[in-house]
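So this block is my_file-v3.tsv, TSV, N, CA and C atoms:
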```tsv
chain	number	residue	atom	x	y	z
A	159	GLN	N	-68.41	47.18	-51.54
A	159	GLN	CA	-69.61	47.80	-51.02
A	159	GLN	C	-69.67	49.23	-51.56
A	160	SER	N	-70.80	49.64	-52.02
A	160	SER	CA	-70.97	50.98	-52.56
A	160	SER	C	-71.91	51.77	-51.66
A	161	VAL	N	-71.43	52.92	-51.23
A	161	VAL	CA	-72.21	53.80	-50.37
A	161	VAL	C	-72.29	55.16	-51.05
A	162	THR	N	-73.46	55.73	-51.10
A	162	THR	CA	-73.66	57.02	-51.75
A	162	THR	C	-72.86	58.09	-51.02
A	163	ARG	N	-72.18	58.92	-51.79
A	163	ARG	CA	-71.40	60.01	-51.23
A	163	ARG	C	-72.29	61.17	-50.84
A	164	GLY	N	-71.89	61.89	-49.82
A	164	GLY	CA	-72.60	63.09	-49.43
A	164	GLY	C	-72.21	64.26	-50.30
A	165	LEU	N	-71.02	64.25	-50.86
A	165	LEU	CA	-70.50	65.32	-51.71
A	165	LEU	C	-69.67	64.67	-52.80
A	166	PRO	N	-69.85	65.08	-54.05
A	166	PRO	CA	-69.04	64.49	-55.12
A	166	PRO	C	-67.54	64.71	-54.86
A	167	ALA	N	-66.73	63.74	-55.24
A	167	ALA	CA	-65.29	63.83	-55.02
A	167	ALA	C	-64.70	65.08	-55.66
A	168	SER	N	-65.17	65.45	-56.83
A	168	SER	CA	-64.62	66.63	-57.50
A	168	SER	C	-64.91	67.91	-56.71
A	169	ASP	N	-66.09	68.00	-56.10
A	169	ASP	CA	-66.42	69.17	-55.27
A	169	ASP	C	-65.56	69.22	-54.02
A	170	MET	N	-65.36	68.06	-53.39
A	170	MET	CA	-64.53	68.00	-52.19
A	170	MET	C	-63.09	68.38	-52.55
A	171	ALA	N	-62.60	67.89	-53.68
A	171	ALA	CA	-61.24	68.20	-54.11
A	171	ALA	C	-61.08	69.70	-54.34
A	172	ALA	N	-62.05	70.31	-54.97
A	172	ALA	CA	-61.99	71.75	-55.23
A	172	ALA	C	-61.95	72.54	-53.93
A	173	MET	N	-62.70	72.12	-52.95
A	173	MET	CA	-62.71	72.80	-51.65
A	173	MET	C	-61.34	72.71	-50.97
A	174	VAL	N	-60.74	71.52	-51.01
A	174	VAL	CA	-59.43	71.35	-50.37
A	174	VAL	C	-58.37	72.15	-51.12
A	175	GLU	N	-58.39	72.10	-52.45
A	175	GLU	CA	-57.41	72.85	-53.24
A	175	GLU	C	-57.53	74.35	-52.99
A	176	HIS	N	-58.75	74.82	-52.77
A	176	HIS	CA	-58.96	76.24	-52.47
A	176	HIS	C	-58.31	76.63	-51.14
A	177	LEU	N	-58.33	75.73	-50.17
A	177	LEU	CA	-57.77	75.99	-48.85
A	177	LEU	C	-56.27	75.76	-48.78
A	178	ALA	N	-55.77	74.79	-49.52
A	178	ALA	CA	-54.35	74.43	-49.45
A	178	ALA	C	-53.88	73.98	-50.82
A	179	ALA	N	-53.44	74.94	-51.63
A	179	ALA	CA	-53.07	74.64	-53.01
A	179	ALA	C	-51.82	73.78	-53.12
A	180	ASP	N	-51.00	73.70	-52.07
A	180	ASP	CA	-49.76	72.93	-52.14
A	180	ASP	C	-49.92	71.46	-51.77
A	181	VAL	N	-51.14	71.02	-51.50
A	181	VAL	CA	-51.41	69.64	-51.12
A	181	VAL	C	-51.65	68.80	-52.37
A	182	LYS	N	-50.96	67.64	-52.46
A	182	LYS	CA	-51.26	66.69	-53.54
A	182	LYS	C	-52.61	66.08	-53.25
A	183	LEU	N	-53.48	66.08	-54.23
A	183	LEU	CA	-54.85	65.66	-54.00
A	183	LEU	C	-55.30	64.77	-55.15
A	184	ILE	N	-56.00	63.70	-54.81
A	184	ILE	CA	-56.53	62.78	-55.81
A	184	ILE	C	-58.02	62.61	-55.56
A	185	ALA	N	-58.80	62.83	-56.58
A	185	ALA	CA	-60.25	62.58	-56.51
A	185	ALA	C	-60.55	61.45	-57.49
A	186	ALA	N	-61.12	60.38	-57.00
A	186	ALA	CA	-61.39	59.21	-57.83
A	186	ALA	C	-62.81	58.73	-57.60
A	187	SER	N	-63.28	57.90	-58.50
A	187	SER	CA	-64.66	57.42	-58.41
A	187	SER	C	-64.82	56.25	-57.45
A	188	THR	N	-63.73	55.54	-57.15
A	188	THR	CA	-63.80	54.44	-56.18
A	188	THR	C	-62.64	54.58	-55.19
A	189	ILE	N	-62.79	53.99	-54.04
A	189	ILE	CA	-61.73	54.02	-53.02
A	189	ILE	C	-60.50	53.27	-53.53
A	190	ALA	N	-60.71	52.12	-54.12
A	190	ALA	CA	-59.58	51.32	-54.63
A	190	ALA	C	-58.82	52.10	-55.70
A	191	ASP	N	-59.52	52.78	-56.59
A	191	ASP	CA	-58.86	53.58	-57.63
A	191	ASP	C	-58.08	54.72	-57.00
A	192	ALA	N	-58.64	55.37	-56.01
A	192	ALA	CA	-57.94	56.45	-55.32
A	192	ALA	C	-56.68	55.92	-54.64
A	193	CYS	N	-56.77	54.76	-54.01
A	193	CYS	CA	-55.60	54.16	-53.35
A	193	CYS	C	-54.52	53.82	-54.36
A	194	ARG	N	-54.91	53.25	-55.49
A	194	ARG	CA	-53.93	52.93	-56.54
A	194	ARG	C	-53.25	54.21	-57.05
A	195	GLN	N	-54.03	55.25	-57.32
A	195	GLN	CA	-53.47	56.51	-57.79
A	195	GLN	C	-52.55	57.14	-56.76
A	196	ALA	N	-52.96	57.07	-55.50
A	196	ALA	CA	-52.13	57.64	-54.43
A	196	ALA	C	-50.80	56.90	-54.34
A	197	CYS	N	-50.83	55.59	-54.40
A	197	CYS	CA	-49.60	54.79	-54.33
A	197	CYS	C	-48.66	55.12	-55.49
A	198	ALA	N	-49.23	55.38	-56.64
A	198	ALA	CA	-48.43	55.67	-57.83
A	198	ALA	C	-47.83	57.08	-57.79
A	199	SER	N	-48.38	57.96	-56.97
A	199	SER	CA	-47.93	59.35	-57.01
A	199	SER	C	-47.09	59.78	-55.81
A	200	VAL	N	-46.87	58.89	-54.85
A	200	VAL	CA	-46.11	59.29	-53.66
A	200	VAL	C	-44.61	59.06	-53.85
A	201	ASP	N	-43.86	59.83	-53.09
A	201	ASP	CA	-42.41	59.66	-53.04
A	201	ASP	C	-42.05	59.05	-51.69
A	202	GLN	N	-40.84	58.55	-51.58
A	202	GLN	CA	-40.36	58.00	-50.31
A	202	GLN	C	-40.54	59.04	-49.22
A	203	GLY	N	-41.12	58.65	-48.10
A	203	GLY	CA	-41.32	59.54	-46.98
A	203	GLY	C	-42.64	60.29	-47.00
A	204	ASP	N	-43.39	60.21	-48.11
A	204	ASP	CA	-44.71	60.85	-48.18
A	204	ASP	C	-45.70	60.06	-47.35
A	205	ARG	N	-46.77	60.71	-46.97
A	205	ARG	CA	-47.86	60.05	-46.25
A	205	ARG	C	-49.12	60.14	-47.09
A	206	ILE	N	-49.90	59.09	-47.04
A	206	ILE	CA	-51.22	59.09	-47.68
A	206	ILE	C	-52.24	59.24	-46.56
A	207	ILE	N	-53.06	60.26	-46.66
A	207	ILE	CA	-54.09	60.49	-45.66
A	207	ILE	C	-55.44	60.27	-46.32
A	208	ILE	N	-56.24	59.43	-45.70
A	208	ILE	CA	-57.57	59.11	-46.22
A	208	ILE	C	-58.58	59.63	-45.22
A	209	PHE	N	-59.50	60.43	-45.70
A	209	PHE	CA	-60.53	60.91	-44.80
A	209	PHE	C	-61.89	60.73	-45.44
A	210	GLY	N	-62.87	60.68	-44.61
A	210	GLY	CA	-64.23	60.45	-45.07
A	210	GLY	C	-64.97	59.67	-44.01
A	211	SER	N	-65.94	58.93	-44.45
A	211	SER	CA	-66.75	58.15	-43.52
A	211	SER	C	-65.97	56.91	-43.06
A	212	PHE	N	-66.54	56.22	-42.07
A	212	PHE	CA	-65.96	54.95	-41.64
A	212	PHE	C	-65.94	53.96	-42.80
A	213	TYR	N	-66.94	54.02	-43.68
A	213	TYR	CA	-66.97	53.14	-44.85
A	213	TYR	C	-65.75	53.39	-45.74
A	214	THR	N	-65.44	54.66	-45.96
A	214	THR	CA	-64.30	55.02	-46.81
A	214	THR	C	-63.00	54.50	-46.22
A	215	VAL	N	-62.79	54.79	-44.96
A	215	VAL	CA	-61.54	54.39	-44.30
A	215	VAL	C	-61.43	52.86	-44.24
A	216	ALA	N	-62.51	52.18	-43.92
A	216	ALA	CA	-62.49	50.71	-43.85
A	216	ALA	C	-62.14	50.10	-45.20
A	217	GLU	N	-62.71	50.64	-46.27
A	217	GLU	CA	-62.41	50.10	-47.61
A	217	GLU	C	-60.95	50.35	-47.97
A	218	ALA	N	-60.42	51.52	-47.63
A	218	ALA	CA	-59.02	51.81	-47.90
A	218	ALA	C	-58.11	50.89	-47.09
A	219	MET	N	-58.46	50.65	-45.84
A	219	MET	CA	-57.67	49.74	-45.01
A	219	MET	C	-57.64	48.34	-45.62
A	220	ARG	N	-58.79	47.88	-46.14
A	220	ARG	CA	-58.82	46.56	-46.80
A	220	ARG	C	-57.91	46.57	-48.03
A	221	PHE	N	-57.95	47.64	-48.80
A	221	PHE	CA	-57.10	47.75	-49.99
A	221	PHE	C	-55.63	47.61	-49.61
A	222	PHE	N	-55.19	48.42	-48.63
A	222	PHE	CA	-53.78	48.40	-48.26
A	222	PHE	C	-53.38	47.10	-47.57
A	223	ALA	N	-54.29	46.47	-46.87
A	223	ALA	CA	-53.98	45.18	-46.24
A	223	ALA	C	-53.66	44.11	-47.29
A	224	HIS	N	-54.30	44.21	-48.45
A	224	HIS	CA	-54.06	43.23	-49.51
A	224	HIS	C	-52.83	43.57	-50.35
A	225	GLN	N	-52.25	44.74	-50.18
A	225	GLN	CA	-51.08	45.17	-50.95
A	225	GLN	C	-49.78	44.69	-50.33
A	226	GLN	N	-49.83	44.26	-49.09
A	226	GLN	CA	-48.60	43.88	-48.38
A	226	GLN	C	-48.23	42.46	-48.63
```
As structure tokens - that is how I would like this structure written.
Amino acid sequence: QSVTRGLPASDMAAMVEHLAADVKLIAASTIADACRQACASVDQGDRIIIFGSFYTVAEAMRFFAHQQ
């Protein structure tokens, strides 16, 4: 399902980096791509935090449910 974003991912990423430069951040064009990139970049004990609309979170939950 594709839902129009309220803010481009690159703009949101820039805002977060400006506030917290030490946070690992991934901006991707799709939720599935972001989830794949996040999984590839984490270390043991890291947490992946997904924020956005209910659509964003639901799609990420579906992605991770299929990874197990």
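For the atom pair formed by atom C of Val181 of chain A and atom C of Ala167 of chain A, the distance is 14.0 Å, given to one decimal.
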Hey, can you check how far atom CA of Ser168 of chain A sits from atom CA of Met219 of chain A?
-> 22.1 Å
Test item: which residues lie within 8 Å of (-57.1, 49.0, -50.8) counting only N, CA and C atoms, as an mmCIF file with N, CA and C atoms, in the frame of the given file:
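This is the output file selection.cif:
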```
data_model
loop_
_atom_site.group_PDB
_atom_site.id
_atom_site.type_symbol
_atom_site.label_atom_id
_atom_site.label_comp_id
_atom_site.auth_asym_id
_atom_site.auth_seq_id
_atom_site.Cartn_x
_atom_site.Cartn_y
_atom_site.Cartn_z
ATOM 1 N N ILE A 189 -62.790 53.990 -54.040
ATOM 2 C CA ILE A 189 -61.730 54.020 -53.020
ATOM 3 C C ILE A 189 -60.500 53.270 -53.530
ATOM 4 N N ALA A 190 -60.710 52.120 -54.120
ATOM 5 C CA ALA A 190 -59.580 51.320 -54.630
ATOM 6 C C ALA A 190 -58.820 52.100 -55.700
ATOM 7 N N ASP A 191 -59.520 52.780 -56.590
ATOM 8 C CA ASP A 191 -58.860 53.580 -57.630
ATOM 9 C C ASP A 191 -58.080 54.720 -57.000
ATOM 10 N N ALA A 192 -58.640 55.370 -56.010
ATOM 11 C CA ALA A 192 -57.940 56.450 -55.320
ATOM 12 C C ALA A 192 -56.680 55.920 -54.640
ATOM 13 N N CYS A 193 -56.770 54.760 -54.010
ATOM 14 C CA CYS A 193 -55.600 54.160 -53.350
ATOM 15 C C CYS A 193 -54.520 53.820 -54.360
ATOM 16 N N ARG A 194 -54.910 53.250 -55.490
ATOM 17 C CA ARG A 194 -53.930 52.930 -56.540
ATOM 18 C C ARG A 194 -53.250 54.210 -57.050
ATOM 19 N N ALA A 216 -62.510 52.180 -43.920
ATOM 20 C CA ALA A 216 -62.490 50.710 -43.850
ATOM 21 C C ALA A 216 -62.140 50.100 -45.200
ATOM 22 N N GLU A 217 -62.710 50.640 -46.270
ATOM 23 C CA GLU A 217 -62.410 50.100 -47.610
ATOM 24 C C GLU A 217 -60.950 50.350 -47.970
ATOM 25 N N ALA A 218 -60.420 51.520 -47.630
ATOM 26 C CA ALA A 218 -59.020 51.810 -47.900
ATOM 27 C C ALA A 218 -58.110 50.890 -47.090
ATOM 28 N N MET A 219 -58.460 50.650 -45.840
ATOM 29 C CA MET A 219 -57.670 49.740 -45.010
ATOM 30 C C MET A 219 -57.640 48.340 -45.620
ATOM 31 N N ARG A 220 -58.790 47.880 -46.140
ATOM 32 C CA ARG A 220 -58.820 46.560 -46.800
ATOM 33 C C ARG A 220 -57.910 46.570 -48.030
ATOM 34 N N PHE A 221 -57.950 47.640 -48.800
ATOM 35 C CA PHE A 221 -57.100 47.750 -49.990
ATOM 36 C C PHE A 221 -55.630 47.610 -49.610
ATOM 37 N N PHE A 222 -55.190 48.420 -48.630
ATOM 38 C CA PHE A 222 -53.780 48.400 -48.260
ATOM 39 C C PHE A 222 -53.380 47.100 -47.570
ATOM 40 N N ALA A 223 -54.290 46.470 -46.870
ATOM 41 C CA ALA A 223 -53.980 45.180 -46.240
ATOM 42 C C ALA A 223 -53.660 44.110 -47.290
ATOM 43 N N HIS A 224 -54.300 44.210 -48.450
ATOM 44 C CA HIS A 224 -54.060 43.230 -49.510
ATOM 45 C C HIS A 224 -52.830 43.570 -50.350
ATOM 46 N N GLN A 225 -52.250 44.740 -50.180
ATOM 47 C CA GLN A 225 -51.080 45.170 -50.950
ATOM 48 C C GLN A 225 -49.780 44.690 -50.330
#
```
Residues flagged helix (DSSP H, G or I) by DSSP in segment 165-207 of chain A, as a list in words =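 The helix (DSSP H, G or I) subset of segment 165-207 of chain A is Ala167, Ser168, Asp169, Met170, Ala171, Ala172, Met173, Val174, Glu175, His176, Leu177, Ile189, Ala190, Asp191, Ala192, Cys193, Arg194, Gln195, Ala196, Cys197, Ala198 and Ser199 of chain A.
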Pairwise distance for atom C of Ile184 of chain A and atom C of Gln202 of chain A, rounded to one decimal in Å | 18.9 Å
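Closest approach to Ala185 of chain A among A:Pro166, A:Ile206, A:Val215, A:Ser199 is made by A:Pro166 (distances from all atoms listed in the file).
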For Phe209 of chain A, which residue among A:Met170, A:Gln195, A:Ser187, A:Glu175 is the nearest when counting only C-alpha atoms?
-> A:Met170
